[in-house]
Amino acid sequence: RYALPLARLARQVIAVEPSEGMRGLMVANAAEQGIPNLTAIPARWEDAEVEPCDLALCSHVVYTVADIRGFLEKLQRHTRGHCFMAIRTSQRGAHLQGLWKRVHGEERIPEPSLMELYNVLYQCLGVCANVEVIPFRVGRSPLAAFDTLEEAVARVGSQLYLSEGAPQEALVREHL
């Protein structure tokens with residue numbers, strides 16, 4: 001989402017992307033758009049070998065990082081200038097918490113969000129982050145984009161990690 005627009009402005013962009021599919025699409029789009037200054041590194045940030053950079057952008061990747069302190073320390077060591085991070089302020093799928101418990105029989109484990117990241121930055125690295133909260137979906141319900149109930153059931157089912165046709169889809173349909 002950000003690598004190609006940034007590559008049009010920067011001398012060089014290094015994109016650390018572990019997903020083969022996303023990386024392939026990014027590289028193909030760069031080639032199609034004639035963007036020669038993008039280098040894609042096939043690794044997770046924790047394992048990537050990259051030179052220090054002037055600016056780093058870390059967008060929605062810290063949710064599954066087991067060693068957040070190590071991740072952030074490496075990011076700090078490799079960034080000479082500013083580091084920008086994007087993270088949700090609330091839980092993804094918060095509107096589905098009650099349904100998650102009905103479908104799976106247990107509470108959903110919360111993912112880290114802005115407050116956890118902010119506290120780790122301050123307590124572990126001494127960084128008092130400059131935070132700007134930008135609304136993601138202003139005025140839209142998370143379920144407002146569906147034309148049919150079946151589309152909504154399929155999307156909500158995928159958000160609950162249900163396989164297509166799973167018996168729990170009946171609970172989703174009832175909920176919706």
# chains A, B, ... in the order shown; residues from 1 in each chain; ligands from 1
call {"tool": "select_by_dssp", "arguments": {"residues": "segment 9-176 of chain A", "states": "strand (DSSP E or B)", "output": "ChimeraX atom specification"}}
result
/A:13-16,38-41,53-59,79-86
call {"tool": "write_last_selection", "arguments": {"atoms": "N, CA and C atoms", "output": "PDB file, in the first residue's frame"}}
result
ATOM      1  N   VAL A  13      13.705   2.511  -1.793  1.00  0.00           N
ATOM      2  CA  VAL A  13      12.770   1.946  -0.822  1.00  0.00           C
ATOM      3  C   VAL A  13      13.100   0.471  -0.662  1.00  0.00           C
ATOM      4  N   ILE A  14      13.282   0.074   0.601  1.00  0.00           N
ATOM      5  CA  ILE A  14      13.484  -1.336   0.941  1.00  0.00           C
ATOM      6  C   ILE A  14      12.205  -1.786   1.622  1.00  0.00           C
ATOM      7  N   ALA A  15      11.549  -2.771   1.051  1.00  0.00           N
ATOM      8  CA  ALA A  15      10.302  -3.284   1.625  1.00  0.00           C
ATOM      9  C   ALA A  15      10.555  -4.675   2.190  1.00  0.00           C
ATOM     10  N   VAL A  16      10.422  -4.815   3.492  1.00  0.00           N
ATOM     11  CA  VAL A  16      10.568  -6.118   4.141  1.00  0.00           C
ATOM     12  C   VAL A  16       9.175  -6.738   4.170  1.00  0.00           C
ATOM     13  N   LEU A  38      12.816   0.009  -5.937  1.00  0.00           N
ATOM     14  CA  LEU A  38      12.181  -0.760  -4.863  1.00  0.00           C
ATOM     15  C   LEU A  38      12.889  -2.101  -4.747  1.00  0.00           C
ATOM     16  N   THR A  39      13.342  -2.416  -3.546  1.00  0.00           N
ATOM     17  CA  THR A  39      13.948  -3.712  -3.273  1.00  0.00           C
ATOM     18  C   THR A  39      13.080  -4.423  -2.259  1.00  0.00           C
ATOM     19  N   ALA A  40      12.659  -5.630  -2.577  1.00  0.00           N
ATOM     20  CA  ALA A  40      11.811  -6.411  -1.670  1.00  0.00           C
ATOM     21  C   ALA A  40      12.661  -7.468  -0.974  1.00  0.00           C
ATOM     22  N   ILE A  41      12.585  -7.497   0.349  1.00  0.00           N
ATOM     23  CA  ILE A  41      13.332  -8.464   1.158  1.00  0.00           C
ATOM     24  C   ILE A  41      12.352  -9.540   1.633  1.00  0.00           C
ATOM     25  N   CYS A  53      18.322   2.937   7.630  1.00  0.00           N
ATOM     26  CA  CYS A  53      17.614   3.787   6.677  1.00  0.00           C
ATOM     27  C   CYS A  53      17.308   5.144   7.319  1.00  0.00           C
ATOM     28  N   ASP A  54      16.937   6.078   6.480  1.00  0.00           N
ATOM     29  CA  ASP A  54      16.606   7.418   6.961  1.00  0.00           C
ATOM     30  C   ASP A  54      15.221   7.461   7.593  1.00  0.00           C
ATOM     31  N   LEU A  55      14.302   6.690   7.063  1.00  0.00           N
ATOM     32  CA  LEU A  55      12.920   6.695   7.520  1.00  0.00           C
ATOM     33  C   LEU A  55      12.390   5.270   7.469  1.00  0.00           C
ATOM     34  N   ALA A  56      11.635   4.885   8.480  1.00  0.00           N
ATOM     35  CA  ALA A  56      11.018   3.550   8.491  1.00  0.00           C
ATOM     36  C   ALA A  56       9.511   3.699   8.657  1.00  0.00           C
ATOM     37  N   LEU A  57       8.800   2.819   7.993  1.00  0.00           N
ATOM     38  CA  LEU A  57       7.348   2.763   8.113  1.00  0.00           C
ATOM     39  C   LEU A  57       6.986   1.337   8.462  1.00  0.00           C
ATOM     40  N   CYS A  58       6.316   1.176   9.571  1.00  0.00           N
ATOM     41  CA  CYS A  58       5.919  -0.145  10.051  1.00  0.00           C
ATOM     42  C   CYS A  58       4.401  -0.119  10.165  1.00  0.00           C
ATOM     43  N   SER A  59       3.714  -0.747   9.225  1.00  0.00           N
ATOM     44  CA  SER A  59       2.267  -0.622   9.151  1.00  0.00           C
ATOM     45  C   SER A  59       1.561  -1.939   9.467  1.00  0.00           C
ATOM     46  N   THR A  79      16.980   2.748  12.090  1.00  0.00           N
ATOM     47  CA  THR A  79      16.356   3.970  11.598  1.00  0.00           C
ATOM     48  C   THR A  79      17.162   5.179  12.058  1.00  0.00           C
ATOM     49  N   ARG A  80      17.761   5.883  11.105  1.00  0.00           N
ATOM     50  CA  ARG A  80      18.554   7.075  11.436  1.00  0.00           C
ATOM     51  C   ARG A  80      17.661   8.278  11.707  1.00  0.00           C
ATOM     52  N   GLY A  81      16.526   8.339  11.056  1.00  0.00           N
ATOM     53  CA  GLY A  81      15.627   9.485  11.188  1.00  0.00           C
ATOM     54  C   GLY A  81      14.376   9.128  11.962  1.00  0.00           C
ATOM     55  N   HIS A  82      13.264   9.219  11.292  1.00  0.00           N
ATOM     56  CA  HIS A  82      11.969   8.987  11.929  1.00  0.00           C
ATOM     57  C   HIS A  82      11.432   7.601  11.598  1.00  0.00           C
ATOM     58  N   CYS A  83      10.651   7.087  12.519  1.00  0.00           N
ATOM     59  CA  CYS A  83       9.946   5.825  12.309  1.00  0.00           C
ATOM     60  C   CYS A  83       8.459   6.104  12.488  1.00  0.00           C
ATOM     61  N   PHE A  84       7.691   5.738  11.496  1.00  0.00           N
ATOM     62  CA  PHE A  84       6.245   5.893  11.551  1.00  0.00           C
ATOM     63  C   PHE A  84       5.633   4.511  11.708  1.00  0.00           C
ATOM     64  N   MET A  85       4.676   4.398  12.629  1.00  0.00           N
ATOM     65  CA  MET A  85       4.025   3.110  12.858  1.00  0.00           C
ATOM     66  C   MET A  85       2.519   3.305  12.785  1.00  0.00           C
ATOM     67  N   ALA A  86       1.867   2.374  12.131  1.00  0.00           N
ATOM     68  CA  ALA A  86       0.406   2.363  12.086  1.00  0.00           C
ATOM     69  C   ALA A  86      -0.064   1.139  12.853  1.00  0.00           C
TER      70      ALA A  86
END
call {"tool": "residues_around", "arguments": {"residues": "segment 123-134 of chain A", "least_positions_apart": "6", "cutoff": "12 Å", "atoms": "only C-alpha atoms", "output": "MDAnalysis selection string"}}
result
chainID A and resid 68:77 82:90 114:117
call {"tool": "closest_residue", "arguments": {"among": "A:Trp100, A:Leu9, A:Pro135, A:Pro112", "to": "Ala66 of chain A", "atoms": "only C-alpha atoms"}}
result
A:Pro112
call {"tool": "atom_distance", "arguments": {"atom1": "atom CA of Gln168 of chain A", "atom2": "atom CA of His95 of chain A"}}
result
17.4 Å
call {"tool": "closest_residue", "arguments": {"among": "A:Glu32, A:Glu46, A:Glu164, A:Glu174", "to": "Leu149 of chain A", "atoms": "only C-alpha atoms"}}
result
A:Glu174
call {"tool": "atom_distance", "arguments": {"atom1": "atom CA of Ser158 of chain A", "atom2": "atom CA of Asp67 of chain A"}}
result
27.5 Å
call {"tool": "residues_around", "arguments": {"residues": "Leu4 of chain A", "least_positions_apart": "2", "cutoff": "12 Å", "atoms": "only C-alpha atoms", "output": "PyMOL selection string"}}
result
chain A and resi 1-2+6-10+12-15+23+25-40
call {"tool": "closest_residue", "arguments": {"among": "A:Glu20, A:Glu111, A:Glu106, A:Glu49", "to": "Val62 of chain A", "atoms": "only C-alpha atoms"}}
result
A:Glu111
call {"tool": "closest_residue", "arguments": {"among": "A:Leu121, A:Ala166, A:Ala3, A:Leu160", "to": "Gly93 of chain A", "atoms": "only C-alpha atoms"}}
result
A:Leu160
call {"tool": "select_by_dssp", "arguments": {"residues": "segment 26-176 of chain A", "states": "alpha helix (DSSP H)", "output": "PyMOL selection string"}}
result
chain A and resi 26-32+68-77+97-104+114-125+149-159+169-175
call {"tool": "decode", "arguments": {"residues": "segment 6-30 of chain A", "atoms": "N, CA and C atoms", "output": "compact mmCIF listing (two decimals), in the first residue's frame"}}
result
# COMPACT_ATOMS: atom_id res chain seq x y z
N LEU A 6 5.78 5.70 -2.00
CA LEU A 6 7.01 6.22 -1.40
C LEU A 6 8.19 6.11 -2.36
N ALA A 7 8.24 5.05 -3.15
CA ALA A 7 9.34 4.87 -4.09
C ALA A 7 9.34 5.94 -5.17
N ARG A 8 8.20 6.53 -5.44
CA ARG A 8 8.15 7.62 -6.43
C ARG A 8 8.79 8.90 -5.87
N LEU A 9 8.92 8.97 -4.54
CA LEU A 9 9.45 10.16 -3.89
C LEU A 9 10.87 9.98 -3.35
N ALA A 10 11.24 8.76 -3.06
CA ALA A 10 12.52 8.49 -2.40
C ALA A 10 13.57 8.00 -3.39
N ARG A 11 14.82 8.08 -2.96
CA ARG A 11 15.91 7.56 -3.78
C ARG A 11 15.84 6.04 -3.83
N GLN A 12 15.53 5.43 -2.68
CA GLN A 12 15.46 3.97 -2.61
C GLN A 12 14.45 3.58 -1.54
N VAL A 13 13.70 2.51 -1.79
CA VAL A 13 12.77 1.95 -0.82
C VAL A 13 13.10 0.47 -0.66
N ILE A 14 13.28 0.07 0.60
CA ILE A 14 13.48 -1.34 0.94
C ILE A 14 12.21 -1.79 1.62
N ALA A 15 11.55 -2.77 1.05
CA ALA A 15 10.30 -3.28 1.62
C ALA A 15 10.55 -4.68 2.19
N VAL A 16 10.42 -4.81 3.49
CA VAL A 16 10.57 -6.12 4.14
C VAL A 16 9.18 -6.74 4.17
N GLU A 17 9.00 -7.80 3.40
CA GLU A 17 7.67 -8.41 3.25
C GLU A 17 7.79 -9.94 3.27
N PRO A 18 7.32 -10.58 4.35
CA PRO A 18 7.43 -12.03 4.44
C PRO A 18 6.43 -12.80 3.57
N SER A 19 5.31 -12.17 3.23
CA SER A 19 4.29 -12.87 2.45
C SER A 19 4.70 -12.96 0.98
N GLU A 20 4.85 -14.17 0.51
CA GLU A 20 5.26 -14.38 -0.89
C GLU A 20 4.26 -13.76 -1.85
N GLY A 21 2.97 -13.93 -1.56
CA GLY A 21 1.93 -13.39 -2.43
C GLY A 21 1.94 -11.87 -2.48
N MET A 22 2.01 -11.24 -1.31
CA MET A 22 2.02 -9.78 -1.27
C MET A 22 3.31 -9.21 -1.87
N ARG A 23 4.41 -9.87 -1.59
CA ARG A 23 5.70 -9.44 -2.13
C ARG A 23 5.69 -9.54 -3.66
N GLY A 24 5.20 -10.65 -4.17
CA GLY A 24 5.13 -10.84 -5.62
C GLY A 24 4.26 -9.80 -6.30
N LEU A 25 3.13 -9.49 -5.70
CA LEU A 25 2.25 -8.47 -6.26
C LEU A 25 2.91 -7.10 -6.23
N MET A 26 3.59 -6.78 -5.13
CA MET A 26 4.28 -5.50 -5.01
C MET A 26 5.37 -5.37 -6.08
N VAL A 27 6.19 -6.40 -6.24
CA VAL A 27 7.28 -6.36 -7.22
C VAL A 27 6.71 -6.27 -8.64
N ALA A 28 5.65 -7.02 -8.92
CA ALA A 28 5.03 -6.97 -10.25
C ALA A 28 4.46 -5.59 -10.53
N ASN A 29 3.80 -4.99 -9.55
CA ASN A 29 3.24 -3.65 -9.72
C ASN A 29 4.34 -2.62 -9.93
N ALA A 30 5.45 -2.77 -9.19
CA ALA A 30 6.58 -1.84 -9.35
C ALA A 30 7.13 -1.94 -10.78
